[in-house]
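A.B. asks: Okay, handing you the structure first.
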Amino acid sequence: MKKKLIAIAVAGLLAAPLLANAQTANVTIYGRINMDVDFISSASNSSLGKLTRISSNTSRIGFKGTEALGGGLNAIFQVESQFQGDGVNAGTNGMLASRDTWLGLQGNSWGAVKLGYMTTPYDDAQAVFGNTNTALTSILQTGALWGQDGPNNRANGSFGARTANAARYESPTIAGLTGKLQYSTDETANHGWVGTAGVFYDNAGLQAAVVYETNQEWRGVNLNDQAVSVMAGYNFGVVRPALVYEYLTYDIPGTSSLTRNLVGGSLTVPIGAGKLYGAVIYADRGRGADFGNVGNVRAGKDTEATQYELSYSYELSKRTVAYVGYVYIDNGKKATYSFGHNGNANVTSGVDQQGLILGMVHFF
């Protein structure tokens with residue numbers, strides 16, 4: 001009996017410092033589960049074909065926290081993991097820390113520095129014109145043409161995607177203005193790197209962003225890619241219009257660079273407890289390289305594409321939103337764009353992509 005009492009006492013003494021430290025840190029568990037039914041209708045020579053499926057749209061769970069270190073300095077962290085609510089590839093896509101995960105320091109006057117695995121400031125800008133009403137995901141994701149994100153990756157000419165080995169600085173927000181810088185290195189033989197800078201404004205109904213990203217030798221030695229995007233939206237209360245412009249340029253071996261422009265507009269209209277969202281985004285044909293192509297960006301006639309989108313989201317509560325939407329990607333005869341999320345990396349040239357979606361997202 002005495003031995004048990006001694007063991008309990010020792011355990012209490014050891015646990016006391018841990019409990020004290022836990023009480024000085026502010027840790028939050030958060031996440032969301034986003035499920036929908038997709039009705040996909042593409043030509044039979046697209047590997048997506050015609051199908052009905054249940055999709056989990058980057059459903060996630062995370063832990064984030066802050067610890068006061070004194071003198072206005074805080075330690076900050078986040079560990080975020082994706083899980084597959086539909087059970088498809090659950091063993092491979094549900095890894096711990098598979099999404100934005102970082103550790104950093106934050107000051108009251110100078111901003112924050114983070115080290116880890118993160119999306120770039122280029123991706124952050126999508127919220128200015130994109131379909132935030134459906135959580136910027138699913139086949140309604142507005143990065144299908146913009147940043148040629150979709151099913152591509154950085155090695156295939158995509159911009160804004162999450163990068164490992166990342167160091168990031170975020171300035172404090174002053175009069176609605178925030179600056180972000182991020183640098184990431186690649187651990188392959190190319191030793192490439194990604195640099196991103198962005199200036200964001202959010203004040204009095206006006207949101208705007210100017211972002212730049214360069215992928216240096218990510219696709220191969222002496223192959224450098226660059227992207228610039230400018231966007232703005234203003235909330236008039238009864239309607240919120242937004243515009244976006246993007247310029248992409250890629251190095252092509254043995255020839256001139258390949259360039260592409262994109263323009264688009266979106267409109268959000270509050271209707272009762274819901275929001276109607278519409279967007280038209282046009283990517284023009286690639287220019288400059290006679291026979292070059294990088295991912296979906298190709299040179300020459302009939303390589304352009306247009307994305308049309310319409311959705312309605314309804315707030316069932318402050319944390320639960322139901323939505324319905326339709327997206328159509330009109331590919332030129334030589335274009336191969338697919339959905340921004342849950343798309344197809346092997347679309348046959350000229351095959352249009354379309355889908356109807358009915359879903360719900362719950363934030364916790």
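Every chain in the structure tokens has a letter given in the order shown (A, B, ...), and although residue numbers restart at 1 in each chain, ligands are simply numbered from 1 in the order shown.
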Tell me, which residues of segment 1-182 of chain A carry DSSP strand (DSSP E or B), written as a ChimeraX atom specification?
C.D. replies: /A:25-41,50-56,60-70,73-82,101-107,111-118,163-170,174,177-182
A.B. asks: Any chance you could tabulate, as CSV, the residues of segment 79-128 of chain A at most 10 Å from segment 201-225 of chain A with each one's nearest atom pair and distance in Å to one decimal, using only C-alpha atoms, in chain and rising number order?
C.D. replies:
```
residue,atom,partner,partner_atom,distance
A:Thr120,CA,A:Glu213,CA,8.5
A:Pro121,CA,A:Val211,CA,7.1
A:Tyr122,CA,A:Val211,CA,5.6
A:Asp123,CA,A:Val211,CA,9.0
A:Asp124,CA,A:Val211,CA,9.1
A:Ala125,CA,A:Ala209,CA,6.1
A:Gln126,CA,A:Ala209,CA,9.1
A:Ala127,CA,A:Gln207,CA,9.3
A:Val128,CA,A:Gln207,CA,6.3
```
A.B. asks: Write the selection just made, keeping all heavy atoms, as a PDB file, in the first residue's frame?
C.D. replies:
```pdb
ATOM      1  N   THR A 120       1.890  28.534 -50.672  1.00  0.00           N
ATOM      2  CA  THR A 120       2.598  29.800 -50.850  1.00  0.00           C
ATOM      3  C   THR A 120       1.623  30.978 -50.809  1.00  0.00           C
ATOM      4  O   THR A 120       0.415  30.805 -50.966  1.00  0.00           O
ATOM      5  CB  THR A 120       3.328  29.819 -52.203  1.00  0.00           C
ATOM      6  OG1 THR A 120       2.356  29.857 -53.257  1.00  0.00           O
ATOM      7  CG2 THR A 120       4.216  28.594 -52.368  1.00  0.00           C
ATOM      8  N   PRO A 121       2.140  32.193 -50.628  1.00  0.00           N
ATOM      9  CA  PRO A 121       1.277  33.371 -50.698  1.00  0.00           C
ATOM     10  C   PRO A 121       0.529  33.489 -52.023  1.00  0.00           C
ATOM     11  O   PRO A 121      -0.538  34.100 -52.074  1.00  0.00           O
ATOM     12  CB  PRO A 121       2.265  34.531 -50.516  1.00  0.00           C
ATOM     13  CG  PRO A 121       3.353  33.959 -49.675  1.00  0.00           C
ATOM     14  CD  PRO A 121       3.498  32.532 -50.153  1.00  0.00           C
ATOM     15  N   TYR A 122       1.070  32.885 -53.080  1.00  0.00           N
ATOM     16  CA  TYR A 122       0.369  32.912 -54.365  1.00  0.00           C
ATOM     17  C   TYR A 122      -0.993  32.239 -54.237  1.00  0.00           C
ATOM     18  O   TYR A 122      -2.002  32.737 -54.737  1.00  0.00           O
ATOM     19  CB  TYR A 122       1.206  32.212 -55.432  1.00  0.00           C
ATOM     20  CG  TYR A 122       0.817  32.584 -56.851  1.00  0.00           C
ATOM     21  CD1 TYR A 122       1.426  33.670 -57.475  1.00  0.00           C
ATOM     22  CD2 TYR A 122      -0.149  31.882 -57.554  1.00  0.00           C
ATOM     23  CE1 TYR A 122       1.082  34.036 -58.774  1.00  0.00           C
ATOM     24  CE2 TYR A 122      -0.504  32.238 -58.839  1.00  0.00           C
ATOM     25  CZ  TYR A 122       0.110  33.321 -59.454  1.00  0.00           C
ATOM     26  OH  TYR A 122      -0.247  33.685 -60.727  1.00  0.00           O
ATOM     27  N   ASP A 123      -1.039  31.122 -53.536  1.00  0.00           N
ATOM     28  CA  ASP A 123      -2.300  30.417 -53.337  1.00  0.00           C
ATOM     29  C   ASP A 123      -3.238  31.202 -52.424  1.00  0.00           C
ATOM     30  O   ASP A 123      -4.461  31.164 -52.596  1.00  0.00           O
ATOM     31  CB  ASP A 123      -2.040  29.035 -52.745  1.00  0.00           C
ATOM     32  CG  ASP A 123      -3.302  28.218 -52.588  1.00  0.00           C
ATOM     33  OD1 ASP A 123      -3.838  27.754 -53.606  1.00  0.00           O
ATOM     34  OD2 ASP A 123      -3.767  28.059 -51.442  1.00  0.00           O
ATOM     35  N   ASP A 124      -2.675  31.914 -51.445  1.00  0.00           N
ATOM     36  CA  ASP A 124      -3.500  32.700 -50.524  1.00  0.00           C
ATOM     37  C   ASP A 124      -4.373  33.718 -51.266  1.00  0.00           C
ATOM     38  O   ASP A 124      -5.472  34.052 -50.825  1.00  0.00           O
ATOM     39  CB  ASP A 124      -2.622  33.463 -49.519  1.00  0.00           C
ATOM     40  CG  ASP A 124      -1.867  32.527 -48.586  1.00  0.00           C
ATOM     41  OD1 ASP A 124      -2.227  31.338 -48.505  1.00  0.00           O
ATOM     42  OD2 ASP A 124      -0.897  32.994 -47.945  1.00  0.00           O
ATOM     43  N   ALA A 125      -3.870  34.192 -52.408  1.00  0.00           N
ATOM     44  CA  ALA A 125      -4.580  35.250 -53.137  1.00  0.00           C
ATOM     45  C   ALA A 125      -5.860  34.768 -53.785  1.00  0.00           C
ATOM     46  O   ALA A 125      -6.743  35.573 -54.113  1.00  0.00           O
ATOM     47  CB  ALA A 125      -3.660  35.842 -54.208  1.00  0.00           C
ATOM     48  N   GLN A 126      -6.016  33.464 -53.959  1.00  0.00           N
ATOM     49  CA  GLN A 126      -7.197  32.939 -54.654  1.00  0.00           C
ATOM     50  C   GLN A 126      -8.501  33.336 -53.963  1.00  0.00           C
ATOM     51  O   GLN A 126      -9.542  33.474 -54.607  1.00  0.00           O
ATOM     52  CB  GLN A 126      -7.123  31.413 -54.767  1.00  0.00           C
ATOM     53  CG  GLN A 126      -8.215  30.830 -55.628  1.00  0.00           C
ATOM     54  CD  GLN A 126      -8.160  29.319 -55.714  1.00  0.00           C
ATOM     55  OE1 GLN A 126      -9.116  28.688 -56.147  1.00  0.00           O
ATOM     56  NE2 GLN A 126      -7.063  28.715 -55.316  1.00  0.00           N
ATOM     57  N   ALA A 127      -8.433  33.554 -52.645  1.00  0.00           N
ATOM     58  CA  ALA A 127      -9.643  33.895 -51.896  1.00  0.00           C
ATOM     59  C   ALA A 127     -10.229  35.241 -52.309  1.00  0.00           C
ATOM     60  O   ALA A 127     -11.407  35.511 -52.049  1.00  0.00           O
ATOM     61  CB  ALA A 127      -9.336  33.909 -50.399  1.00  0.00           C
ATOM     62  N   VAL A 128      -9.441  36.086 -52.973  1.00  0.00           N
ATOM     63  CA  VAL A 128      -9.939  37.401 -53.367  1.00  0.00           C
ATOM     64  C   VAL A 128     -11.013  37.272 -54.448  1.00  0.00           C
ATOM     65  O   VAL A 128     -12.013  37.993 -54.439  1.00  0.00           O
ATOM     66  CB  VAL A 128      -8.781  38.308 -53.849  1.00  0.00           C
ATOM     67  CG1 VAL A 128      -9.318  39.633 -54.391  1.00  0.00           C
ATOM     68  CG2 VAL A 128      -7.795  38.564 -52.712  1.00  0.00           C
TER      69      VAL A 128
END
```
A.B. asks: From the list A:Leu316, A:Val297, A:Leu73, A:Leu140, which residue is nearest Asn342 of chain A when using only C-alpha atoms?
C.D. replies: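 With only C-alpha atoms as the atom set, the closest residue is A:Leu140.
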A.B. asks: Looking at only C-alpha atoms, which of A:Thr52, A:Asn344, A:Thr66, A:Gln148 is the one that sits closest to Gln307 of chain A?
C.D. replies: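 Counting only C-alpha atoms, the residue closest to Gln307 of chain A is A:Gln148.
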A.B. asks: One decimal, in Å: what's the spacing between atom CA of Gln84 of chain A and atom CA of Leu358 of chain A?
C.D. replies: 17.5 Å
A.B. asks: Excluding Phe363 of chain A and its own-chain neighbours fewer than 3 positions away, which residues fall within 8 Å of it when counting only C-alpha atoms? Please give them as a list in words.
C.D. replies: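 My reading of the contact set: Tyr30, Gly31, Arg32, Ile33, Arg319 and Thr320 of chain A.
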A.B. asks: Any chance you could export the current selection's N, CA and C atoms as a tab-separated table (two decimals), in the first residue's frame?
C.D. replies:
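What landed in selection_28.tsv:
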```tsv
chain	number	residue	atom	x	y	z
A	30	TYR	N	-9.09	22.07	-34.53
A	30	TYR	CA	-10.00	22.62	-35.54
A	30	TYR	C	-10.04	21.70	-36.75
A	31	GLY	N	-10.91	21.99	-37.67
A	31	GLY	CA	-10.94	21.23	-38.90
A	31	GLY	C	-12.24	21.42	-39.66
A	32	ARG	N	-12.40	20.61	-40.66
A	32	ARG	CA	-13.64	20.62	-41.42
A	32	ARG	C	-13.77	19.30	-42.17
A	33	ILE	N	-15.00	18.90	-42.39
A	33	ILE	CA	-15.28	17.74	-43.24
A	33	ILE	C	-16.20	18.22	-44.35
A	319	ARG	N	-21.65	27.03	-38.60
A	319	ARG	CA	-20.55	26.12	-38.90
A	319	ARG	C	-20.87	25.12	-40.01
A	320	THR	N	-22.08	25.10	-40.50
A	320	THR	CA	-22.46	24.11	-41.51
A	320	THR	C	-23.07	24.81	-42.72
```
A.B. asks: Which is closest to Thr306 of chain A among A:Thr188, A:Thr142, A:Ser256, A:Ser158, if we use only C-alpha atoms?
C.D. replies: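 Distance minimum relative to Thr306 of chain A lands on A:Thr142.
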A.B. asks: Any idea what's packed within 12 Å of Ala135 of chain A, counting only C-alpha atoms, ignoring anything in its chain fewer than 2 positions away? Could you give it as a tab-separated table (two decimals) with N, CA and C atoms, in the first residue's frame?
C.D. replies:
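Wrote it out as around_25.tsv, contents follow:
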```tsv
chain	number	residue	atom	x	y	z
A	32	ARG	N	-12.40	20.61	-40.66
A	32	ARG	CA	-13.64	20.62	-41.42
A	32	ARG	C	-13.77	19.30	-42.17
A	33	ILE	N	-15.00	18.90	-42.39
A	33	ILE	CA	-15.28	17.74	-43.24
A	33	ILE	C	-16.20	18.22	-44.35
A	34	ASN	N	-15.77	18.00	-45.57
A	34	ASN	CA	-16.44	18.55	-46.75
A	34	ASN	C	-16.76	17.40	-47.70
A	35	MET	N	-18.01	17.02	-47.76
A	35	MET	CA	-18.43	15.87	-48.56
A	35	MET	C	-19.43	16.30	-49.63
A	57	ASN	N	-13.50	16.59	-49.99
A	57	ASN	CA	-12.80	17.73	-50.57
A	57	ASN	C	-11.84	18.36	-49.55
A	58	THR	N	-10.63	17.80	-49.52
A	58	THR	CA	-9.59	18.23	-48.58
A	58	THR	C	-10.13	18.37	-47.16
A	59	SER	N	-10.91	17.37	-46.73
A	59	SER	CA	-11.34	17.34	-45.33
A	59	SER	C	-10.10	17.24	-44.45
A	126	GLN	N	-6.02	33.46	-53.96
A	126	GLN	CA	-7.20	32.94	-54.65
A	126	GLN	C	-8.50	33.34	-53.96
A	127	ALA	N	-8.43	33.55	-52.65
A	127	ALA	CA	-9.64	33.90	-51.90
A	127	ALA	C	-10.23	35.24	-52.31
A	130	GLY	N	-11.96	33.86	-55.75
A	130	GLY	CA	-12.41	32.49	-55.86
A	130	GLY	C	-13.68	32.20	-55.09
A	131	ASN	N	-14.13	30.96	-55.22
A	131	ASN	CA	-15.40	30.53	-54.63
A	131	ASN	C	-15.19	30.14	-53.17
A	132	THR	N	-15.03	31.13	-52.32
A	132	THR	CA	-14.86	30.88	-50.89
A	132	THR	C	-16.13	30.32	-50.26
A	133	ASN	N	-17.27	30.55	-50.91
A	133	ASN	CA	-18.54	30.05	-50.37
A	133	ASN	C	-18.58	28.53	-50.31
A	137	THR	N	-12.67	24.55	-52.72
A	137	THR	CA	-12.29	23.17	-53.00
A	137	THR	C	-13.39	22.50	-53.81
A	138	SER	N	-13.28	21.19	-54.03
A	138	SER	CA	-14.18	20.41	-54.87
A	138	SER	C	-13.94	20.76	-56.34
A	139	ILE	N	-14.77	20.22	-57.25
A	139	ILE	CA	-14.61	20.54	-58.67
A	139	ILE	C	-14.97	21.99	-58.95
A	140	LEU	N	-15.54	22.69	-57.96
A	140	LEU	CA	-15.85	24.12	-58.10
A	140	LEU	C	-14.63	25.00	-57.79
A	141	GLN	N	-13.51	24.39	-57.45
A	141	GLN	CA	-12.32	25.16	-57.11
A	141	GLN	C	-11.89	26.01	-58.29
A	142	THR	N	-11.63	27.30	-58.04
A	142	THR	CA	-11.39	28.25	-59.12
A	142	THR	C	-9.93	28.31	-59.56
A	311	SER	N	-22.78	28.58	-58.53
A	311	SER	CA	-23.09	27.80	-57.33
A	311	SER	C	-23.98	28.61	-56.40
A	313	SER	N	-24.72	28.54	-52.14
A	313	SER	CA	-24.41	27.99	-50.82
A	313	SER	C	-25.39	28.54	-49.80
A	320	THR	N	-22.08	25.10	-40.50
A	320	THR	CA	-22.46	24.11	-41.51
A	320	THR	C	-23.07	24.81	-42.72
A	321	VAL	N	-22.54	24.48	-43.90
A	321	VAL	CA	-22.99	25.10	-45.15
A	321	VAL	C	-23.32	24.00	-46.16
A	322	ALA	N	-24.49	24.08	-46.75
A	322	ALA	CA	-24.87	23.19	-47.85
A	322	ALA	C	-24.71	23.95	-49.16
A	323	TYR	N	-24.37	23.23	-50.24
A	323	TYR	CA	-24.16	23.93	-51.51
A	323	TYR	C	-24.50	23.03	-52.70
A	341	HIS	N	-9.88	20.75	-58.51
A	341	HIS	CA	-9.69	19.75	-57.45
A	341	HIS	C	-10.46	18.50	-57.85
A	359	GLY	N	-23.32	19.22	-52.13
A	359	GLY	CA	-22.48	18.88	-50.99
A	359	GLY	C	-22.78	19.68	-49.74
A	360	MET	N	-21.98	19.40	-48.71
A	360	MET	CA	-22.11	20.07	-47.44
A	360	MET	C	-20.75	20.08	-46.76
A	361	VAL	N	-20.44	21.17	-46.08
A	361	VAL	CA	-19.18	21.29	-45.33
A	361	VAL	C	-19.51	21.71	-43.90
A	362	HIS	N	-18.86	21.05	-42.96
A	362	HIS	CA	-19.02	21.40	-41.54
A	362	HIS	C	-17.66	21.79	-40.98
A	363	PHE	N	-17.60	22.95	-40.36
A	363	PHE	CA	-16.37	23.45	-39.75
A	363	PHE	C	-16.43	23.19	-38.23
```
A.B. asks: Do a neighbour search on Gly104 of chain A at 12 Å with only C-alpha atoms, toss out local chain neighbours closer than 4 positions, and write the hits as a list of chain:residue names.
C.D. replies: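 Contacts, in chain order: A:Lys64, A:Gly65, A:Thr66, A:Glu67, A:Leu73, A:Asn74, A:Ala75, A:Ile76, A:Phe77, A:Gln78, A:Val79, A:Gly111, A:Ala112, A:Val113, A:Lys114, A:Leu115, A:Gly116, A:Tyr117, A:Ala166, A:Ala167, A:Arg168, A:Tyr169, A:Glu170.
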A.B. asks: Determine the nearest neighbour of Arg53 of chain A from the options A:Leu356, A:Ala335, A:Ile329, A:Ile271, counting only C-alpha atoms.
C.D. replies: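 That would be A:Leu356, the residue with the smallest distance to Arg53 of chain A.
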A.B. asks: Write out as a PyMOL selection string the residues lying within 8 Å of segment 244-253 of chain A, counting only C-alpha atoms and excluding same-chain residues fewer than 6 positions away.
C.D. replies: chain A and resi 129+146-147+157+222-232+259-265+289+292-294
A.B. asks: Find the residue from A:Asp330, A:Glu80, A:Glu315, A:Asp38 that sits nearest to Gly272 of chain A; use only C-alpha atoms when measuring.
C.D. replies: A:Glu315
A.B. asks: Assign secondary structure with DSSP using the backbone only, and return the residues of segment 105-269 of chain A in alpha helix (DSSP H) as a ChimeraX atom specification.
C.D. replies: /A:121-124
A.B. asks: Would you output that residue set with N, CA, C and O atoms, as a compact mmCIF listing (two decimals), in the first residue's frame?
C.D. replies:
```txt
# COMPACT_ATOMS: atom_id res chain seq x y z
N PRO A 121 2.14 32.19 -50.63
CA PRO A 121 1.28 33.37 -50.70
C PRO A 121 0.53 33.49 -52.02
O PRO A 121 -0.54 34.10 -52.07
N TYR A 122 1.07 32.89 -53.08
CA TYR A 122 0.37 32.91 -54.37
C TYR A 122 -0.99 32.24 -54.24
O TYR A 122 -2.00 32.74 -54.74
N ASP A 123 -1.04 31.12 -53.54
CA ASP A 123 -2.30 30.42 -53.34
C ASP A 123 -3.24 31.20 -52.42
O ASP A 123 -4.46 31.16 -52.60
N ASP A 124 -2.68 31.91 -51.45
CA ASP A 124 -3.50 32.70 -50.52
C ASP A 124 -4.37 33.72 -51.27
O ASP A 124 -5.47 34.05 -50.82
```
A.B. asks: Go through A:Gly192, A:Phe63, A:Ser109, A:Thr119 and flag the residue nearest Lys180 of chain A, using only C-alpha atoms for the distances.
C.D. replies: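 Checking each candidate against Lys180 of chain A, we get A:Thr119 as the closest.
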A.B. asks: Show me, as an mmCIF file with C-alpha atoms, in the first residue's frame, the residues that have an atom within 6 Å of Leu276 of chain A when counting only C-alpha atoms, minus same-chain residues fewer than 6 positions from it.
C.D. replies:
```
data_model
loop_
_atom_site.group_PDB
_atom_site.id
_atom_site.type_symbol
_atom_site.label_atom_id
_atom_site.label_comp_id
_atom_site.auth_asym_id
_atom_site.auth_seq_id
_atom_site.Cartn_x
_atom_site.Cartn_y
_atom_site.Cartn_z
ATOM 1 C CA THR A 268 -21.210 37.021 -55.338
ATOM 2 C CA VAL A 269 -24.806 37.931 -54.487
ATOM 3 C CA SER A 311 -23.092 27.803 -57.333
ATOM 4 C CA TYR A 312 -25.430 28.509 -54.445
#
```
